[in-house]
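These notes concern the structure reproduced below.
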Amino acid sequence: MTRRILSAGTIGISRILLAAKLPAAAYTVLRTANRLNWGDARVLSAIVDVCKIRGDGNNADMYRAEALRHKMPKVFDDNSLADVLGVMGGMERIGRAAQFQAGQMIARRLVNEAGREKIFEAARIAYQDFPDSAFLLHLITLCMSKTGRYSEASKMLVSQLQTPFDATPQISKRRFKLLQHSWRIVDLTAREQMDWVDGGGDYNSLLAPKSPDQIAKIDAFGSFKEHALQGRMRKEYLEICDQELAAASSLKARLHAIEEMMRPGIRHIPDYTQSYDMARDRLARLTADLDRLLTPEASKSSEIATQTVQDICTWLNLSRRLNDTATSQRLMDHLEALSLDETLGQALWPAPATLLKAPQDTEQGNRIMQRIQHLRPEINRQVQDYFRWAMLAQRYEEADGFYKNLPKNLHRKHGLLYYVNILQRQARFAEALRLLTDIHGQILANPSLVNAVSNNSLIKRTGELEFLIETAEIYQSVPQPTQPKGLVMIAARNVDQLRRYPLLALVEFKRRGWAVIPMVGGLLPRELTGQPGIDILNGALTLSLRFTEQAQGAFPALIDFESDPAQGRLRWGDIDLGHSAWEDAAINRRSYTINYGCPELQKYLGQLFEWTGAMCRTFKQVHNLHLQTGLPVGSISLFNSRLPDSLFRFYCEKFGDPDRFFYLHGANGYQNYFSNFSTNLSERYVLRNMTRNPDSRSASFPLPENFNRYYTAQKQRLPEIMARFKNTTRIKRSTGEAKELMPDAIAASARIKAWRAKGGKVACAFGKVVCDSGVPFDGGPVHANMKDWINHCIRAVQGSDTLLLIKPHPHEMNNQIATFLIEYFEDLIEEPLGENVMILGHRWFDIHDMKGRVDLGLIYNGTTAIELGLLGIPCLLAGHFAPVDYPIGHKVAHSRAEFEACLRFEQETIVAPDIVERAAVWLDYMANEEFALPYGYHTRPVTNKVIFPPWWIKADMQAYRAGDDRAIVKLVDRALGECPEP
């Protein structure tokens, strides 16, 4: 009561003073009252009014923020969430930060599905009172997109992006940036679900201002170019970048505009050469800026030098990316020269980490850091620069000390995210998560400065660390043997790869006395054996692709390693990895035809080639250890046809032994076929010794000899098997829910019928997703590759009685598998079609529709060989691995003449007489849980849909802890040769 009376009295006095035109005195009285820590909202409101009268906008905002903080609920729980977000909306308007606890409350709910539901509902309520809040709209659309409502979220954001906002330029710019970044995250979420935000990819129509006046108002506060980038409208995107460059008023802005020109979309285009050429040209036009940047005047004081060094570092990154070595060296020399001036030390913080991005410049970067390391960081950016350097330089202990000595006001800043990375590299996952959570909360506490991209990244990063914490606990449930019977090498380079390994099998290996050695550190606890020769291999490489100092000095030099990303060539001695390079390029570009001249592709492949070179050195050291000690070594990897994983397969084939030095391919079971993509998570796993079975393509498919034995053993079950799979071909993988044929399909069917009526034969070549090869090497007995095959098929039927149908794979239309193709099977055709060839539509016919229409199937490789076998249609297999993957008795030609004779029906295509039964038994084998073993436990995707971050499956782990580990035991039995596959 007393406080209320005092507040009222003070406000009354201030009004009298205002009436007497004494606003300064009124301000003094009110401020004095507030200093007594009354925390009275009425006093704070009166101060805000007086500040406005005095024209003191800064203090008005400060006291308005204080008033809003007093409105913040005392208890931060779900019941107060809408009120908290309402206060945040008010804070955003004045550009001030709320309490850390408020940001932390939001952060903790954003990182899980249940929490996001609550955030969504509360933000919608708060948004009604603050419809101009980009922060609240970001939260709403983020939560919507995570539940699949990205199309609706996109429309909400685009609507706001198209609505001019009446505010100061600074606030308008911040708001526009947050909205644009929010749309970027919504689109990214759609991409992760293999979709477009508009369902079809017509991003040109996303933004459509209604009038020239509206266009002018929108352009006044920013240009929205994200839709052009992600909609593959490269020409329009580059035009906007060029406009931004022309409008830039500072060197920092000009360099940023040039950086943006080279930015790739999350759905690739075939070639980024034009983008790089434009960036190179525009950067060359800034010669005068460069000359000024390197003059003494540009660094005459620490304050001026701070921006100069930042601009030099940005320019250095650009020069490196554009392969301008002369300018890069010039810039590096200038940075070193600046570091010799002790008065400029605080300006030099960005330089060491920038230099260390290129490993060859590590020494120079470390020298500069040595000169400035004694300084105390003053701002967040300097902290970030230090920890970025420490991470790359592997100065982890120094970083720990640096963190302990930081001022408390920097303990939760964004720059500490690199220290989170350092903690992870030390396997201090729980500490990393605690710090990350604090940083996330601090970021969200200031709604006007929130970066939507960072927020989304921190949500994922939280999930990564939570997964690593639980994985570490499970992994350490069995200790590392100190006298190992053998070694199991694993090559996971990130969390996504780690979760695809059979993690519980790794525990079982340790239980049997085999030491598990991750070659890349920071993903599993570093468990040592106590034997230096073994332990040096454990975490020999960092997640940043740097050798530890010990490994760098001890591992053999890399010799006979030929790497040329610009030509797609990669070779280590006699091991040719060129096809693996093509596999990665094709998957990355979503295309069969690869332009290795594309600079962005060269950057991607260059990184993979560097990883491969590092793995070559590491694996050579592993082999030397094996030769010295006699310890058996098994190496597990996931992608035995891609880089760098394929190296292990090929090296063991050449230098290994099936029992003593061997390669194990780990893969999901082939369950998509049976589930028809009704699930996104794998529930099966296979692990195969590929050194013992070098003719096999993948562990996911049966060995021919095993299948033949299985087929013989299942004769008694044939009626049951035939009944089980008789309707397999009736699954409508192509036509979907259509109840009758499309008009074009009806016309095609009539043409086929007429052709057959006049005595002609019909063959059908079945296409594949062109970048979905997955083979250690390409080609077959007759053809060099799939393109050679399909064009040979077309030439072969010309002038014959054969009508050749070409049926593209229906998955070309399914982005869960095809993932935004750039090139399609039809694009491989170079030969004129003539009268003997007809290309079918993707949705015209299902496989079952081929019966009665087709006399011969032409298969490069694929499960279609099984489906046609079920229909009794003979096939001519072309790819080397087709009869290996599908050993049911289809024909393989061994010369072009034989292939052509079969295709022209001048020679009978003889297949196994029991081809129908063998096809059914092959499906039974693949569905058999004795082959692809039941293994869920941790989430592994079975399509290209992104399921991240990963998690451990509680029900499966409860069964495992209760003793149900039969499948895991069997996986390891197979790996060690103690139990054969069925």
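The way I read the labels, and the way they are meant: chains A, B, ... in the order of the structure tokens, residue 1 as the first residue of every chain, and ligand 1 as the first ligand shown, with later ones counted on from there.
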Write out as JSON, numbers by chain each polymer residue whose atoms come within 10 Å of Ala98 in chain A, counting only C-alpha atoms; drop sequence neighbours fewer than 6 positions from it.
-> {"A": [65, 66, 68, 69, 70, 72, 84, 87, 88, 90, 91, 92, 442, 444, 445, 446, 447]}
For the residues selected in the previous step, produce a file with C-alpha atoms as a JSON list (two decimals), in the first residue's frame.
```json
[["chain", "number", "residue", "atom", "x", "y", "z"],
["A", 65, "ALA", "CA", 12.07, -2.57, -21.85],
["A", 66, "GLU", "CA", 12.39, -2.42, -18.06],
["A", 68, "LEU", "CA", 8.18, -5.12, -20.07],
["A", 69, "ARG", "CA", 10.65, -7.15, -18.01],
["A", 70, "HIS", "CA", 8.57, -6.42, -14.93],
["A", 72, "MET", "CA", 7.36, -11.02, -17.44],
["A", 84, "VAL", "CA", 6.20, -14.69, -22.02],
["A", 87, "VAL", "CA", 6.41, -9.69, -23.65],
["A", 88, "MET", "CA", 8.93, -10.87, -26.25],
["A", 90, "GLY", "CA", 6.91, -6.01, -27.09],
["A", 91, "MET", "CA", 10.67, -6.29, -26.65],
["A", 92, "GLU", "CA", 11.09, -6.87, -30.36],
["A", 442, "GLN", "CA", 20.64, -16.18, -24.74],
["A", 444, "LEU", "CA", 16.34, -16.20, -28.19],
["A", 445, "ALA", "CA", 16.19, -13.72, -25.33],
["A", 446, "ASN", "CA", 16.70, -10.87, -27.80],
["A", 447, "PRO", "CA", 13.87, -11.34, -30.30]]
```
Spatial neighbours of Met194 in chain A, max dist 12 Å, only C-alpha atoms, sep filter under 4 positions, as a PyMOL selection string | chain A and resi 148+150+187-190+199-201+266-267+813-821+943-947
Got a sec: who's within 9 Å of Tyr396 in chain A, counting only C-alpha atoms, leaving out chain neighbours fewer than 5 positions off, as a VMD selection string?
-> chain A and resid 390 to 391 401 419 422 to 423 425 to 426
Export of prior selection with C-alpha atoms as a JSON list (two decimals), in the first residue's frame:
```json
[["chain", "number", "residue", "atom", "x", "y", "z"],
["A", 390, "ALA", "CA", 41.48, -23.17, -31.40],
["A", 391, "MET", "CA", 39.15, -25.74, -32.94],
["A", 401, "GLY", "CA", 41.70, -22.11, -20.06],
["A", 419, "TYR", "CA", 33.81, -23.97, -27.98],
["A", 422, "ILE", "CA", 35.72, -28.23, -29.09],
["A", 423, "LEU", "CA", 33.93, -29.89, -26.16],
["A", 425, "ARG", "CA", 35.82, -33.13, -30.05],
["A", 426, "GLN", "CA", 36.96, -33.94, -26.53]]
```
Might you pull out every residue within 7 Å of range 650-654 of chain A, with only C-alpha atoms counted and same-chain residues fewer than 6 positions away left off, and present them as a list of chain:residue names?
->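 Here the qualifying residues turn out to be A:Ile575, A:Phe661, A:Phe662, A:Tyr663, A:Thr691, A:Pro694.
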In Å, with one decimal, what is the gap from CA of Trp789 in chain A to CA of Ala882 in chain A?
-> 13.3 Å
Just give me the gap between CA of Lys768 in chain A and CA of Ala747 in chain A in Å, one decimal is fine.
->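 Pair CA of Lys768 in chain A / CA of Ala747 in chain A returns 24.1 Å.
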Tell me which of A:Ile16, A:Leu608, A:Met262, A:Ile269 sits closest to Arg321 in chain A, counting only C-alpha atoms.
->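 Going through A:Ile16, A:Leu608, A:Met262, A:Ile269 one by one, the smallest distance to Arg321 in chain A is for A:Met262.
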8 Å contact set for range 340-354 of chain A, only C-alpha atoms, chain neighbours under 4 positions out, as an MDAnalysis selection string | chainID A and resid 299 301:303 305:307 309:310 313 317 335:336 358 364:366 368:369 371:372 375 377 382 385:386 388:390 392
Write out, as a compact mmCIF listing (two decimals), in the first residue's frame, the residues just selected, with N, CA and C atoms.
```txt
# COMPACT_ATOMS: atom_id res chain seq x y z
N SER A 299 44.55 1.16 -41.78
CA SER A 299 44.82 0.52 -40.49
C SER A 299 45.53 1.49 -39.55
N SER A 301 44.43 3.12 -37.10
CA SER A 301 44.05 2.96 -35.69
C SER A 301 43.41 1.59 -35.52
N SER A 302 43.35 1.16 -34.29
CA SER A 302 42.76 -0.16 -34.02
C SER A 302 41.30 -0.20 -34.44
N GLU A 303 40.60 0.90 -34.23
CA GLU A 303 39.17 0.95 -34.58
C GLU A 303 38.98 0.81 -36.09
N ALA A 305 41.22 -0.38 -38.20
CA ALA A 305 41.80 -1.67 -38.62
C ALA A 305 40.86 -2.84 -38.37
N THR A 306 39.98 -2.71 -37.40
CA THR A 306 39.04 -3.80 -37.11
C THR A 306 38.20 -4.15 -38.33
N GLN A 307 37.61 -3.14 -38.96
CA GLN A 307 36.82 -3.40 -40.16
C GLN A 307 37.73 -3.79 -41.32
N VAL A 309 40.52 -5.51 -41.25
CA VAL A 309 40.91 -6.93 -41.13
C VAL A 309 39.73 -7.84 -41.50
N GLN A 310 38.56 -7.47 -41.08
CA GLN A 310 37.38 -8.26 -41.45
C GLN A 310 37.21 -8.30 -42.97
N CYS A 313 39.86 -10.53 -44.53
CA CYS A 313 39.55 -11.96 -44.35
C CYS A 313 38.45 -12.41 -45.31
N ASN A 317 38.94 -15.21 -48.32
CA ASN A 317 38.06 -16.36 -48.56
C ASN A 317 37.57 -16.39 -50.00
N LEU A 335 48.16 -9.33 -43.68
CA LEU A 335 47.68 -9.68 -42.33
C LEU A 335 48.86 -9.93 -41.40
N GLU A 336 49.86 -10.63 -41.90
CA GLU A 336 51.02 -10.88 -41.04
C GLU A 336 51.74 -9.58 -40.71
N ALA A 358 42.65 -22.98 -44.67
CA ALA A 358 43.48 -23.68 -45.64
C ALA A 358 44.63 -24.32 -44.86
N GLN A 364 51.30 -19.89 -40.57
CA GLN A 364 51.17 -18.43 -40.57
C GLN A 364 50.04 -17.99 -39.65
N GLY A 365 48.93 -18.70 -39.67
CA GLY A 365 47.82 -18.37 -38.79
C GLY A 365 48.19 -18.52 -37.33
N ASN A 366 48.94 -19.56 -37.00
CA ASN A 366 49.35 -19.77 -35.62
C ASN A 366 50.32 -18.69 -35.15
N ILE A 368 50.30 -15.55 -36.06
CA ILE A 368 49.52 -14.35 -35.74
C ILE A 368 48.81 -14.52 -34.41
N MET A 369 48.25 -15.71 -34.17
CA MET A 369 47.56 -15.93 -32.90
C MET A 369 48.53 -15.83 -31.73
N ARG A 371 50.89 -13.86 -31.41
CA ARG A 371 51.17 -12.45 -31.14
C ARG A 371 50.02 -11.74 -30.43
N ILE A 372 48.81 -12.26 -30.55
CA ILE A 372 47.65 -11.55 -29.98
C ILE A 372 46.98 -12.32 -28.85
N LEU A 375 46.00 -10.95 -25.35
CA LEU A 375 44.99 -9.91 -25.20
C LEU A 375 43.69 -10.48 -24.63
N PRO A 377 39.78 -10.71 -24.84
CA PRO A 377 38.71 -10.42 -25.81
C PRO A 377 37.71 -9.45 -25.22
N GLN A 382 35.18 -11.47 -31.16
CA GLN A 382 36.56 -11.86 -30.86
C GLN A 382 36.62 -13.22 -30.18
N ASP A 385 36.12 -15.75 -32.92
CA ASP A 385 37.32 -15.92 -33.74
C ASP A 385 38.37 -16.76 -33.03
N TYR A 386 38.52 -16.53 -31.72
CA TYR A 386 39.51 -17.30 -30.98
C TYR A 386 39.16 -18.79 -30.97
N ARG A 388 37.23 -20.46 -32.93
CA ARG A 388 37.29 -21.04 -34.28
C ARG A 388 38.74 -21.45 -34.60
N TRP A 389 39.66 -20.56 -34.26
CA TRP A 389 41.08 -20.90 -34.44
C TRP A 389 41.47 -22.11 -33.60
N ALA A 390 41.09 -22.08 -32.31
CA ALA A 390 41.48 -23.17 -31.40
C ALA A 390 40.93 -24.51 -31.87
N LEU A 392 40.32 -25.42 -35.06
CA LEU A 392 41.08 -25.87 -36.22
C LEU A 392 42.51 -26.24 -35.85
```
Given the choices A:Leu625, A:Met278, A:Phe881, A:Phe948, which gets closest to Lys146 in chain A if the distance is worked out from only C-alpha atoms?
->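 Checking each of A:Leu625, A:Met278, A:Phe881, A:Phe948 against Lys146 in chain A, counting only C-alpha atoms, the winner is A:Phe948.
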Which polymer residues have any atom within 9 Å of an atom of Ile379 in chain A, counting only C-alpha atoms, with same-chain residues fewer than 4 positions away left out, as a list in words?
->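 With the cut-off at 9 Å, the set is Val383, Gln384 and Leu410 of chain A.
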